[in-house]
Structure formats: C-alpha cells, structure tokens
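Asker: Below is target17.txt; it holds compact mmCIF, C-alpha atoms and all ligand atoms.
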# COMPACT_ATOMS: atom_id res chain seq x y z
CA MET A 17 62.94 -44.68 126.42
CA SER A 18 61.90 -48.32 125.96
CA PRO A 19 58.56 -48.87 124.21
CA ASP A 20 55.47 -49.27 126.35
CA PHE A 21 54.22 -52.82 125.58
CA LYS A 22 51.13 -54.39 127.05
CA PHE A 23 50.10 -57.98 126.44
CA ARG A 24 46.64 -59.51 126.44
CA SER A 25 44.74 -62.44 124.93
CA LEU A 26 43.23 -62.15 121.48
CA SER A 27 39.56 -61.18 121.44
CA ILE A 28 36.93 -61.34 118.74
CA GLU A 29 37.07 -57.52 118.42
CA ASP A 30 40.62 -57.93 117.08
CA SER A 31 39.21 -59.28 113.79
CA SER A 32 39.13 -55.85 112.16
CA TRP A 33 42.82 -54.90 112.55
CA VAL A 34 43.83 -58.51 111.82
CA THR A 35 41.82 -58.32 108.58
CA GLU A 36 43.49 -55.04 107.64
CA SER A 37 46.91 -56.50 108.37
CA TRP A 38 46.39 -59.76 106.50
CA ASN A 39 45.29 -57.74 103.48
CA ASP A 40 48.58 -55.87 103.56
CA PRO A 41 50.58 -57.60 100.81
CA GLU A 42 53.87 -57.17 102.69
CA VAL A 43 52.50 -58.90 105.78
CA ALA A 44 50.63 -61.56 103.82
CA LYS A 45 53.56 -62.30 101.50
CA TYR A 46 55.25 -64.68 103.88
CA PHE A 47 52.81 -65.07 106.71
CA MET A 48 49.90 -66.94 105.23
CA ALA A 49 50.66 -70.19 103.56
CA TYR A 50 47.21 -69.85 101.99
CA PRO A 51 44.65 -68.55 101.27
CA ARG A 52 46.52 -65.48 100.25
CA THR A 53 44.12 -64.09 97.67
CA GLU A 54 42.41 -60.96 98.86
CA HIS A 55 38.85 -62.22 98.48
CA ASP A 56 39.58 -64.92 101.06
CA VAL A 57 40.94 -62.49 103.61
CA LYS A 58 37.52 -61.13 104.51
CA GLU A 59 36.58 -60.25 108.03
CA GLU A 60 33.98 -63.02 108.24
CA TRP A 61 36.62 -65.68 107.56
CA ILE A 62 39.10 -64.04 109.91
CA ARG A 63 36.48 -63.88 112.68
CA LYS A 64 36.29 -67.67 112.43
CA VAL A 65 40.09 -67.99 112.55
CA VAL A 66 40.23 -65.56 115.48
CA GLU A 67 37.51 -67.51 117.30
CA GLU A 68 39.57 -70.71 117.05
CA ALA A 69 42.77 -68.90 118.11
CA LEU A 70 41.44 -66.98 121.13
CA GLU A 71 43.09 -68.95 123.91
CA LYS A 72 46.39 -69.60 122.24
CA THR A 73 47.12 -66.13 120.88
CA ILE A 74 48.76 -63.15 122.57
CA VAL A 75 48.34 -59.58 121.30
CA ALA A 76 50.99 -56.93 121.96
CA GLU A 77 49.75 -53.38 122.32
CA LEU A 78 52.14 -50.53 121.71
CA ASN A 79 51.10 -47.25 123.28
CA GLY A 80 47.54 -48.54 123.62
CA GLU A 81 47.19 -49.78 120.01
CA PRO A 82 47.26 -53.46 118.91
CA ALA A 83 50.59 -53.91 117.12
CA GLY A 84 50.89 -57.64 116.44
CA SER A 85 50.20 -61.11 117.70
CA VAL A 86 51.79 -64.47 118.29
CA SER A 87 50.05 -67.82 118.55
CA VAL A 88 51.33 -70.92 120.29
CA GLU A 89 49.46 -74.05 119.34
CA PRO A 90 50.35 -77.29 121.11
CA GLU A 91 50.19 -80.42 118.95
CA LYS A 92 48.20 -83.47 119.98
CA GLY A 93 48.80 -87.15 120.67
CA ARG A 94 52.36 -88.34 120.10
CA CYS A 95 53.50 -84.74 119.46
CA ARG A 96 51.87 -83.11 122.46
CA HIS A 97 55.24 -81.91 123.79
CA VAL A 98 55.61 -79.71 120.67
CA ALA A 99 53.94 -76.34 120.03
CA TRP A 100 53.79 -74.49 116.69
CA LEU A 101 54.39 -70.75 116.61
CA GLY A 102 52.93 -68.14 114.23
CA ILE A 103 53.74 -64.42 114.46
CA PHE A 104 53.01 -61.19 112.64
CA VAL A 105 53.35 -57.48 113.36
CA ARG A 106 51.42 -54.64 111.67
CA ARG A 107 53.69 -53.12 109.09
CA LYS A 108 53.67 -49.62 110.62
CA HIS A 109 55.17 -51.12 113.80
CA TRP A 110 57.97 -53.18 112.24
CA GLY A 111 61.45 -52.60 113.61
CA LYS A 112 60.26 -51.29 117.00
CA GLY A 113 60.89 -54.46 118.98
CA VAL A 114 57.28 -55.75 118.87
CA GLY A 115 58.30 -59.04 117.22
CA SER A 116 61.04 -59.63 119.81
CA ALA A 117 58.68 -58.86 122.70
CA LEU A 118 56.10 -61.28 121.29
CA MET A 119 58.71 -64.03 120.79
CA ALA A 120 59.79 -63.75 124.43
CA LYS A 121 56.14 -64.02 125.52
CA ALA A 122 55.53 -67.02 123.24
CA ILE A 123 58.51 -68.89 124.68
CA GLU A 124 57.27 -68.16 128.20
CA LEU A 125 53.76 -69.36 127.27
CA ALA A 126 55.01 -72.58 125.64
CA LYS A 127 57.20 -73.36 128.66
CA GLY A 128 54.22 -72.69 130.93
CA LEU A 129 52.19 -75.21 128.91
CA GLY A 130 54.89 -77.81 129.55
CA CYS A 131 56.10 -77.94 125.93
CA ARG A 132 59.62 -79.19 125.25
CA LYS A 133 59.94 -77.94 121.70
CA LEU A 134 58.73 -74.85 119.85
CA THR A 135 58.57 -75.20 116.07
CA LEU A 136 57.67 -72.92 113.17
CA ALA A 137 57.73 -72.73 109.40
CA THR A 138 59.11 -69.77 107.52
CA THR A 139 59.91 -68.95 103.93
CA GLU A 140 63.31 -68.51 102.30
CA GLY A 141 63.85 -64.79 101.81
CA ASN A 142 61.88 -63.67 104.86
CA GLU A 143 65.10 -62.30 106.33
CA ARG A 144 63.45 -60.24 109.07
CA ALA A 145 61.66 -63.26 110.42
CA ILE A 146 64.63 -65.63 110.06
CA ARG A 147 66.93 -63.18 111.91
CA LEU A 148 64.33 -62.76 114.62
CA TYR A 149 64.05 -66.54 115.10
CA LYS A 150 67.82 -67.07 115.08
CA LYS A 151 68.19 -64.30 117.67
CA PHE A 152 65.97 -66.39 119.97
CA GLY A 153 68.00 -69.56 119.37
CA PHE A 154 65.89 -71.29 116.70
CA ASN A 155 67.74 -73.53 114.22
CA ILE A 156 66.74 -74.75 110.77
CA GLU A 157 66.14 -78.50 111.01
CA ALA A 158 64.38 -79.35 107.74
CA TYR A 159 63.08 -77.74 104.55
CA ARG A 160 60.81 -78.23 101.58
CA SER A 161 62.28 -77.25 98.20
CA GLU A 162 60.33 -74.80 96.05
CA ASP A 163 57.30 -74.99 98.30
CA THR A 164 55.99 -71.47 97.71
CA TYR A 165 56.02 -68.93 94.88
CA VAL A 166 56.88 -65.41 96.08
CA ASN A 167 57.39 -62.43 93.77
CA GLY A 168 58.22 -64.55 90.74
CA LEU A 169 60.52 -67.07 92.42
CA TRP A 170 60.10 -70.51 93.98
CA LYS A 171 61.16 -70.44 97.62
CA LYS A 172 62.08 -73.08 100.17
CA GLU A 173 60.01 -73.48 103.30
CA TYR A 174 62.24 -73.80 106.37
CA PHE A 175 61.24 -75.60 109.55
CA MET A 176 62.94 -74.13 112.60
CA SER A 177 62.87 -75.27 116.22
CA LEU A 178 63.92 -74.27 119.69
CA GLU A 179 64.33 -76.92 122.38
CA LEU A 180 62.70 -75.64 125.59
CA ALA A 181 63.48 -78.66 127.77
CA PRO A 182 65.62 -81.76 127.22
CA CYS A 183 63.94 -84.51 125.20
CA GLU A 184 65.19 -87.65 126.91
CA PRO A 185 65.39 -90.54 126.34
CA LYS A 186 66.13 -90.14 122.69
CA PHE A 187 65.43 -93.00 120.26
CA ASN A 188 68.65 -94.97 119.79
CA GLY A 189 67.66 -97.49 117.14
CA ALA A 190 66.85 -100.36 119.50
CA GLY A 191 63.67 -102.37 119.06
CA PHE A 192 63.12 -101.21 115.50
CA PRO A 193 62.62 -101.40 112.51
CA GLN A 194 58.86 -101.76 112.68
CA SER A 195 57.85 -105.29 111.87
CA ASP A 196 57.54 -105.79 108.14
CA GLU A 197 58.10 -109.53 108.15
CA GLY A 198 56.42 -111.47 105.42
CA SER A 199 55.98 -108.37 103.34
CA GLN A 200 58.15 -107.80 100.30
CA PHE A 201 57.99 -105.35 97.45
CA THR A 202 56.41 -107.81 95.04
CA ASN A 203 53.66 -107.52 92.50
CA SER A 204 52.29 -110.98 93.24
CA ASN A 205 49.27 -109.95 95.30
CA LYS A 206 48.75 -106.41 94.08
CA GLN A 207 45.94 -107.28 91.70
CA ASP A 208 43.56 -108.11 94.55
CA SER A 209 44.17 -104.80 96.38
CA LYS A 210 42.13 -101.77 95.32
CA VAL A 211 42.67 -98.08 96.03
CA ARG A 212 39.82 -95.59 96.11
CA GLN A 213 38.67 -92.49 97.95
CA LEU A 214 37.40 -93.30 101.47
CA MET A 215 33.58 -93.41 101.75
CA ASP A 216 30.86 -93.28 104.44
CA SER A 217 30.47 -97.05 104.38
CA ASP A 218 34.16 -97.49 105.41
CA LEU A 219 33.78 -95.95 108.86
CA ASP A 220 33.79 -99.25 110.77
CA GLU A 221 36.99 -100.39 109.07
CA LEU A 222 38.53 -96.94 109.49
CA TRP A 223 37.76 -96.99 113.22
CA ARG A 224 39.28 -100.46 113.54
CA LEU A 225 42.52 -99.41 111.84
CA GLN A 226 42.77 -96.13 113.78
CA ASN A 227 42.65 -98.25 116.95
CA CYS A 228 45.49 -100.56 116.02
CA PRO A 229 48.32 -99.39 118.36
CA GLU A 230 51.17 -100.72 116.20
CA SER A 231 49.80 -99.41 112.91
CA THR A 232 49.12 -95.85 114.16
CA LYS A 233 52.74 -95.29 115.20
CA SER A 234 53.38 -93.59 111.86
CA SER A 235 50.91 -90.84 112.87
CA VAL A 236 50.18 -88.52 115.80
CA LYS A 237 47.20 -90.69 116.80
CA ILE A 238 47.29 -92.63 120.06
CA PRO A 239 44.55 -95.24 120.48
CA PRO A 240 41.97 -95.50 121.91
CA ILE A 241 40.22 -93.32 119.33
CA THR A 242 36.47 -93.01 119.88
CA ARG A 243 33.97 -93.57 117.09
CA LYS A 244 33.08 -89.90 117.30
CA GLU A 245 36.73 -88.89 116.78
CA THR A 246 36.98 -91.16 113.75
CA GLN A 247 33.74 -89.68 112.40
CA ARG A 248 35.00 -86.08 112.94
CA TRP A 249 38.34 -86.92 111.29
CA TYR A 250 36.48 -88.41 108.32
CA GLU A 251 34.22 -85.34 108.00
CA ARG A 252 37.26 -83.08 107.57
CA ILE A 253 38.09 -84.87 104.29
CA ARG A 254 36.42 -82.66 101.71
CA VAL A 255 37.47 -82.96 98.12
CA LYS A 256 36.18 -79.49 97.23
CA GLU A 257 38.47 -78.04 99.90
CA GLY A 258 41.43 -80.02 98.58
CA ARG A 259 41.46 -82.69 101.31
CA PHE A 260 41.57 -86.29 100.15
CA CYS A 261 41.98 -89.75 101.61
CA TYR A 262 42.91 -92.72 99.45
CA ALA A 263 42.28 -96.08 101.05
CA CYS A 264 43.65 -99.48 100.08
CA PHE A 265 41.31 -102.47 100.40
CA LYS A 266 41.52 -106.18 99.97
CA SER A 267 37.87 -107.15 99.47
CA SER A 268 36.23 -105.32 102.41
CA GLN A 269 39.35 -105.16 104.62
CA LEU A 270 41.03 -101.79 104.96
CA LEU A 271 44.79 -102.37 104.61
CA GLY A 272 45.81 -98.72 104.98
CA TYR A 273 45.12 -95.15 103.94
CA VAL A 274 46.91 -91.97 102.96
CA GLN A 275 45.32 -88.63 103.78
CA PHE A 276 46.61 -85.63 101.86
CA ARG A 277 45.73 -82.06 100.93
CA THR A 278 46.50 -79.92 97.93
CA GLY A 279 47.92 -76.39 98.11
CA LEU A 280 46.51 -73.41 96.21
CA LEU A 281 47.95 -70.86 93.78
CA ASP A 282 51.38 -70.10 95.20
CA ALA A 283 51.90 -73.59 96.68
CA PRO A 284 50.52 -76.02 94.09
CA ASN A 285 51.81 -79.12 95.84
CA VAL A 286 50.44 -82.25 97.45
CA TYR A 287 50.98 -82.53 101.22
CA ILE A 288 50.64 -86.01 102.73
CA GLU A 289 49.36 -85.41 106.27
CA GLU A 290 48.91 -88.98 107.49
CA ILE A 291 49.72 -92.44 106.27
CA ILE A 292 48.71 -95.52 108.22
CA VAL A 293 49.13 -99.12 107.08
CA ASP A 294 47.96 -102.23 108.88
CA VAL A 295 51.30 -103.64 110.05
CA ASN A 296 49.83 -107.13 110.27
CA ARG A 297 48.70 -107.42 106.65
CA ARG A 298 51.31 -106.91 103.92
CA PRO A 299 52.29 -103.40 105.10
CA LEU A 300 55.12 -102.77 102.60
CA GLU A 301 52.87 -103.61 99.69
CA THR A 302 50.08 -101.41 101.02
CA ALA A 303 52.45 -98.49 101.56
CA ASP A 304 53.81 -98.99 98.02
CA ILE A 305 50.30 -99.00 96.50
CA LEU A 306 49.19 -95.91 98.45
CA ILE A 307 52.28 -93.86 97.64
CA SER A 308 52.00 -94.80 93.95
CA ALA A 309 48.38 -93.62 94.04
CA VAL A 310 49.43 -90.20 95.39
CA LYS A 311 52.14 -89.97 92.71
CA ASN A 312 49.51 -90.73 90.05
CA PHE A 313 47.24 -88.07 91.55
CA ARG A 314 50.06 -85.50 91.35
CA GLU A 315 50.75 -86.35 87.73
CA ARG A 316 47.13 -86.43 86.65
CA TYR A 317 46.31 -83.00 88.09
CA GLY A 318 49.65 -81.31 87.49
CA TYR A 319 50.79 -80.58 91.05
CA ARG A 320 54.47 -79.72 91.44
CA ARG A 321 55.74 -81.77 94.36
CA ILE A 322 54.67 -84.16 97.09
CA PHE A 323 55.80 -83.35 100.63
CA THR A 324 55.51 -85.33 103.84
CA PHE A 325 57.17 -86.09 107.16
CA ILE A 326 57.20 -89.40 108.99
CA PRO A 327 58.58 -90.72 112.31
CA GLN A 328 62.08 -92.13 111.80
CA THR A 329 60.84 -95.36 113.42
CA SER A 330 58.18 -95.97 110.72
CA THR A 331 60.60 -97.76 108.48
CA ILE A 332 57.87 -99.47 106.45
CA ILE A 333 56.86 -96.05 105.18
CA THR A 334 60.29 -94.40 104.96
CA LYS A 335 61.67 -97.43 103.08
CA THR A 336 58.77 -97.23 100.64
CA LEU A 337 59.20 -93.48 100.11
CA GLU A 338 62.87 -94.00 99.33
CA LYS A 339 62.13 -96.88 96.97
CA GLN A 340 59.62 -94.62 95.18
CA GLY A 341 62.23 -91.92 94.61
CA PHE A 342 61.45 -89.53 97.46
CA LYS A 343 64.39 -87.46 98.76
CA LYS A 344 65.08 -86.75 102.43
CA THR A 345 65.40 -83.06 103.33
CA GLY A 346 66.20 -83.02 107.04
CA ALA A 347 64.36 -83.95 110.20
CA LEU A 348 62.52 -82.16 112.99
CA ARG A 349 64.38 -83.46 116.03
CA ASN A 350 62.42 -85.21 118.78
CA TYR A 351 59.12 -84.34 117.15
CA TYR A 352 57.29 -87.53 118.22
CA PHE A 353 57.15 -89.42 121.49
CA ILE A 354 56.79 -93.11 120.65
CA ASP A 355 57.21 -96.12 122.96
CA GLY A 356 58.78 -94.03 125.70
CA CYS A 357 61.35 -92.14 123.64
CA TYR A 358 61.68 -89.07 121.44
CA VAL A 359 61.79 -89.75 117.73
CA ASP A 360 62.66 -87.43 114.79
CA ALA A 361 60.20 -86.50 112.03
CA GLU A 362 61.98 -87.20 108.73
CA PHE A 363 61.07 -84.88 105.85
CA TYR A 364 60.62 -86.30 102.35
CA GLU A 365 59.77 -84.75 98.99
CA TYR A 366 59.11 -85.96 95.45
CA PRO A 367 60.60 -85.21 93.03
C1 LIG B 401 58.96 -60.80 111.10
C2 LIG B 401 58.26 -59.76 111.99
C3 LIG B 401 57.31 -60.50 112.92
C4 LIG B 401 59.33 -59.03 112.81
O1 LIG B 401 58.65 -58.13 113.68
P1 LIG B 401 59.33 -56.77 114.19
O2 LIG B 401 58.42 -56.17 115.18
O3 LIG B 401 59.70 -55.95 113.02
O4 LIG B 401 60.63 -57.34 114.92
P2 LIG B 401 61.66 -56.54 115.85
O5 LIG B 401 61.50 -55.06 115.69
O6 LIG B 401 61.53 -57.09 117.22
O7 LIG B 401 63.02 -56.99 115.23
C5 LIG B 401 63.42 -58.30 115.46
C6 LIG B 401 64.65 -58.66 114.66
O8 LIG B 401 64.31 -58.70 113.30
C7 LIG B 401 65.49 -58.41 112.57
N1 LIG B 401 65.20 -57.28 111.70
C8 LIG B 401 64.50 -56.16 111.97
N2 LIG B 401 64.49 -55.37 110.88
C9 LIG B 401 65.19 -56.01 109.93
C10 LIG B 401 65.54 -55.72 108.59
N3 LIG B 401 65.16 -54.58 107.99
N4 LIG B 401 66.24 -56.64 107.91
C11 LIG B 401 66.65 -57.79 108.48
N5 LIG B 401 66.35 -58.11 109.76
C12 LIG B 401 65.65 -57.22 110.46
C13 LIG B 401 66.56 -58.07 113.55
O9 LIG B 401 67.33 -59.23 113.82
C14 LIG B 401 65.77 -57.68 114.75
O10 LIG B 401 66.43 -57.89 115.95
P3 LIG B 401 67.51 -56.79 116.45
O11 LIG B 401 66.94 -55.46 116.18
O12 LIG B 401 67.66 -57.10 117.90
O13 LIG B 401 68.73 -57.10 115.66
C15 LIG B 401 57.50 -58.73 111.12
O14 LIG B 401 58.39 -58.15 110.21
C16 LIG B 401 56.30 -59.26 110.37
O15 LIG B 401 55.22 -59.32 110.90
N6 LIG B 401 56.47 -59.66 109.08
C17 LIG B 401 55.36 -60.09 108.25
C18 LIG B 401 54.72 -61.37 108.73
C19 LIG B 401 55.73 -62.48 108.79
O16 LIG B 401 56.53 -62.64 107.90
N7 LIG B 401 55.64 -63.29 109.85
C20 LIG B 401 56.52 -64.42 110.04
C21 LIG B 401 56.07 -65.55 109.21
S1 LIG B 401 57.11 -66.97 109.43
Show the structure stored in the file as structure tokens.

Answerer:
Amino acid sequence: MSPDFKFRSLSIEDSSWVTESWNDPEVAKYFMAYPRTEHDVKEEWIRKVVEEALEKTIVAELNGEPAGSVSVEPEKGRCRHVAWLGIFVRRKHWGKGVGSALMAKAIELAKGLGCRKLTLATTEGNERAIRLYKKFGFNIEAYRSEDTYVNGLWKKEYFMSLELAPCEPKFNGAGFPQSDEGSQFTNSNKQDSKVRQLMDSDLDELWRLQNCPESTKSSVKIPPITRKETQRWYERIRVKEGRFCYACFKSSQLLGYVQFRTGLLDAPNVYIEEIIVDVNRRPLETADILISAVKNFRERYGYRRIFTFIPQTSTIITKTLEKQGFKKTGALRNYYFIDGCYVDAEFYEYP
C-alpha cells in the first residue's frame, strides 16, 4: 500500500516538531549551514524562522503526523526567475518516500510561481540528499572547497540546479566586457582612496551608488532602489552578527563597497555577498582595493577561505578576483537576468 501523504502550508504550531528535528544531530548535520549549536536551536528562534517561512514552506503529513517540510524561496531582482530549495524529513520517517513526495511538490510549486530554475546547496557526503536530488534531475554546477566541517573532515558544498523552463536568450558574449576604460591596475592613485566600514553618515552616497544602473549589474539589485530599501539594507549590516560592509572612498565620494559575512564554528569562512563598484570612476582600482581589504580581514582574524559568486558579465570584478589569486570553481547556469539575457554566476574562492 502506498503511504498516505497529505500536504499543507507550514503554520506557527509546527515550531515544536521543527525544533525537535533541528536538535536531532543527524538531521542538523547537513541541513543547517549554521547556527548548528544546540543552544541556538531553541523554539523561540525557530518560531521566528517559521514565521518568515510560512508562505513558502510545505509540510508533508504521513498518517496524520508532520513528517518533513520543503521550502521554495524565490530570489529577488535580477535573479527572480530562480528559487532556492531547502528540505528535511524527521529521522523516524526517512526512507519512506517523504523526501521524494516533498521534492515533487516543491517542483510543482516553483513552476507555479513562474520560476525557471530551482537551486539548492548540499554538503559532500550527504549521500541520501544527493541521490534524492539526482533522482529529480538536479545537476552539480558549482562547489566550494572545504566549506564545512562535518565529523572531523572538511567537506565541499555543492550547488545543484534543475532547469524548470528554458532560459533564453542566453548571454553570448556580445556587448561586454563591462566598461573598464581608463582604469588600470596601477598604484598611482591608490593613496587617495580609503577603505573603512560603512557608517550612518554614508547613506546618501550609498543610495546614489545603489541607483547607478551600470554599477549594480554585479549584484541582484535593479534600480530604482528607494531610500527606505537602502536604509533597510544598511541596517542588516551588524558586525556583532558577522555582517560587514567595507566601503572605498575618495574624499567623500563612495567609489564602491563589498558586503560580506563570516561563518561560525563549522564554516569559519568569509562569504562575499555583494560587491558594487562605480563603473564611471576607476572601477578596476576600486575592486582591487576592496578585494585586498577582504583578504586582509581574512588574514587578520584567521578565517579559512573567502567565497563569492559574480555574474559572468561583471568582468571588472572577475578580472580582479583572478588577478588577486582567486580560483574559479564552476558556475550556476543562467542565474542572473541582465540586459535581456540569462547570465551565469561564476563561483570563486581564495585560496
Ligand atoms: C535527505 C532527506 C530529505 C531524504 O528524505 P527521505 O524521506 O528519506 O527520502 P526518500 O525516502 O523519498 O528517499 C529518496 C531517495 O533518497 C535516496 N536514499 C534513501 N535512503 C538512502 C540511503 N540509505 N542511502 C543512500 N540514498 C538513500 C534514494 O535515492 C531514495 O530514492 P529511491 O528510494 O527512489 O531510490 C532526509 O534524509 C533528511 O531529511 N536528511 C537530513 C536533512 C538533510 O540533509 N536535508 C538536505 C540538506 S541539503
């Protein structure tokens, strides 16, 4: 007899079994990038996570009992055709087809939302999950070396995708590289550029740069960005939570910034989440200065690696990463939609 599955949306009452499950070391081992320490997996914190996930998460019930869930989270801006997937099943229900049933539902949901690509991250060694994803047609497109420490070994993080609808037209190299005229890798002007953490008094300059259509093409942002959005983005940078933003100035002009976060415990790395340089003012130099600053940060505080991904069309940044010794580790295909075509996200890591 086939199992009796029922599907419903996540509700706030689900917090208690989710808490129990996320405190199960076998479930948590691969599922939660972080926090993975038990004191962080308290119901109060999970209630907040559940609250944010309500509309995008499906729960499968097996014989009337919640057995697992899958979330489908569409990206924003230039990546709005992509959704990220996250799945887990309570350990007592593993191997009964719950994961497969949830995957089928997630694909249906993502298609219903108009997404063209479903993407996820999983850890080397999580064979159950990797087999499940491959069964549904997902392929590994990129990885991060030694991203996570599991049971005494450094493991790769794999990025897998399933194309749900054709991504056409595909970027074919025409019209690029991004303009970097008049900007060379020289030291001549570097002494008058300064890098420091972004501050409250920089909001006007930040808002100006976030509204420069050419300069924001290295990010998911699509101008116009309201002042409120800039303010909210700025408020999410909290050093005590491991979120930083280094900005490069020439006198009071913001030439670019790099926003990054640091991982905890089992993933002691630096993750660059956004890098934007003003393409009209010495962009190569700015990118060079900002990336050097992140490398110095890594060295000073003893983080293992720096990871990032960047649109293949943002050659000012990719060129700089390569010059600074970053290595390419694959690309998420068609991850961005820029200037009317689909563009890959190139993965880089240092060292
Ligand atoms: C990964 C997970 C979601 C799978 O859920 P599940 O309900 O056990 O999955 P299913 O019973 O539908 O099995 C799905 C596939 O997994 C694979 N699988 C199941 N048991 C396996 C095992 N012991 N070893 C290897 N692969 C296995 C099989 O390919 C199976 O498909 P098949 O039976 O048609 O061949 C679940 O194990 C889990 O929640 N793990 C912990 C959290 C986690 O790692 N989440 C993913 C993070 S990226």

Asker: Put a box with edges along x, y and z around all the listed atoms of ligand LIG 401 (chain B), pad it by 3 Å on each side, then give me its centre and sizes in Å, one decimal, as AutoDock Vina command-line options.

Answerer:
--center_x 61.7 --center_y -60.8 --center_z 112.9 --size_x 20.0 --size_y 18.4 --size_z 16.0

Asker: Would you mind telling me which residue in A:Glu29, A:Glu36, A:Ser85, A:Phe21 lies nearest to ligand LIG 401 (chain B) when using only C-alpha atoms and all ligand atoms?

Answerer: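 For ligand LIG 401 (chain B), the nearest of the given residues is A:Ser85.
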
Asker: Could you tell me, counting only C-alpha atoms and all ligand atoms, which protein and nucleic acid residues lie no more than 8 Å from ligand LIG 401 (chain B), written as a VMD selection string?

Answerer: chain A and resid 42 to 48 84 102 to 107 109 to 118 136 to 139 142 to 151

Asker: Quick one: of A:Ile241, A:Ala361, A:Ile28, A:Ala190, who's nearest to Arg349 (chain A), counting all atoms listed in the file?

Answerer: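 Selected residue with least distance to Arg349 (chain A): A:Ala361.
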
Asker: What separation in Å, quoted to one decimal, exists between CA of Pro82 (chain A) and CA of Val66 (chain A)?

Answerer: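 So the answer is 14.4 Å.
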
Asker: Neighbouring residues of Glu124 (chain A) were defined as those with any atom within 12 Å, considering all atoms listed in the file; residues of the same chain fewer than 4 positions away were excluded. Please report them as a PyMOL selection string.

Answerer: chain A and resi 74+86+88+117-120+128-132+134+180

Asker: Work out how far CA of Lys244 (chain A) is from CA of Ser231 (chain A), in Å to one decimal.

Answerer: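 These two atoms are separated by 19.7 Å.
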
Asker: Can you list every residue of region 78-184 of chain A that has an atom at most 9 Å from region 320-343 of chain A, with its nearest atom pair and the distance in Å to one decimal, using all atoms listed in the file, ordered by chain then number, as a tab-separated table?

Answerer:
residue	atom	partner	partner_atom	distance
A:Arg160	CA	A:Phe323	CA	7.2
A:Ser161	CA	A:Arg321	CA	8.8
A:Glu162	CA	A:Arg321	CA	8.5
A:Asp163	CA	A:Arg321	CA	8.0

Asker: Identify, on the basis of all atoms listed in the file, every residue whose closest approach to Ser25 (chain A) does not exceed 8 Å; exclude the query and any residue fewer than 2 positions from it along the same chain; express the result as a list of chain:residue names.

Answerer: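 Close residues of Ser25 (chain A): A:Phe23, A:Ser27, A:Leu70, A:Glu71, A:Lys72, A:Thr73, A:Ile74, A:Val75.
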
Asker: Skip Glu245 (chain A) itself and residues of its chain fewer than 4 positions away, then list as a PDB file with C-alpha atoms, keeping the file's coordinate frame all residues within 12 Å of it, counting only C-alpha atoms.

Answerer:
ATOM      1  CA  LEU A 219      33.780 -95.950 108.860  1.00  0.00           C
ATOM      2  CA  LEU A 222      38.530 -96.940 109.490  1.00  0.00           C
ATOM      3  CA  TRP A 223      37.760 -96.990 113.220  1.00  0.00           C
ATOM      4  CA  GLN A 226      42.770 -96.130 113.780  1.00  0.00           C
ATOM      5  CA  ASN A 227      42.650 -98.250 116.950  1.00  0.00           C
ATOM      6  CA  LYS A 237      47.200 -90.690 116.800  1.00  0.00           C
ATOM      7  CA  ILE A 238      47.290 -92.630 120.060  1.00  0.00           C
ATOM      8  CA  PRO A 239      44.550 -95.240 120.480  1.00  0.00           C
ATOM      9  CA  PRO A 240      41.970 -95.500 121.910  1.00  0.00           C
ATOM     10  CA  ILE A 241      40.220 -93.320 119.330  1.00  0.00           C
ATOM     11  CA  TRP A 249      38.340 -86.920 111.290  1.00  0.00           C
ATOM     12  CA  TYR A 250      36.480 -88.410 108.320  1.00  0.00           C
ATOM     13  CA  GLU A 251      34.220 -85.340 108.000  1.00  0.00           C
ATOM     14  CA  ARG A 252      37.260 -83.080 107.570  1.00  0.00           C
TER      15      ARG A 252
END

Asker: So the first atom is CA of Ala69 (chain A) and the second is CA of Leu178 (chain A); what is the distance between them in Å, to one decimal place?

Answerer: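 Those two atoms sit 21.9 Å apart.
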
Asker: Ranking A:Lys22, A:Lys92, A:Lys127, A:Lys171 by minimum distance to Asp282 (chain A) and counting all atoms listed in the file, which one comes first?

Answerer: A:Lys171

Asker: Considering all atoms listed in the file, return as a ChimeraX atom specification whatever protein or nucleic-acid residues lie within 8 Å of Glu89 (chain A), sequence-local ones (same chain, fewer than 3 positions apart) excluded.

Answerer: /A:72,99-101

Asker: Which residues come within 8 Å of Ala347 (chain A), counting all atoms listed in the file, excluding same-chain residues fewer than 2 positions away, as a list of chain:residue names?

Answerer: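 In the requested form, the answer reads A:Glu157, A:Ala158, A:Thr345, A:Arg349, A:Asp360, A:Ala361, A:Glu362, A:Phe363.
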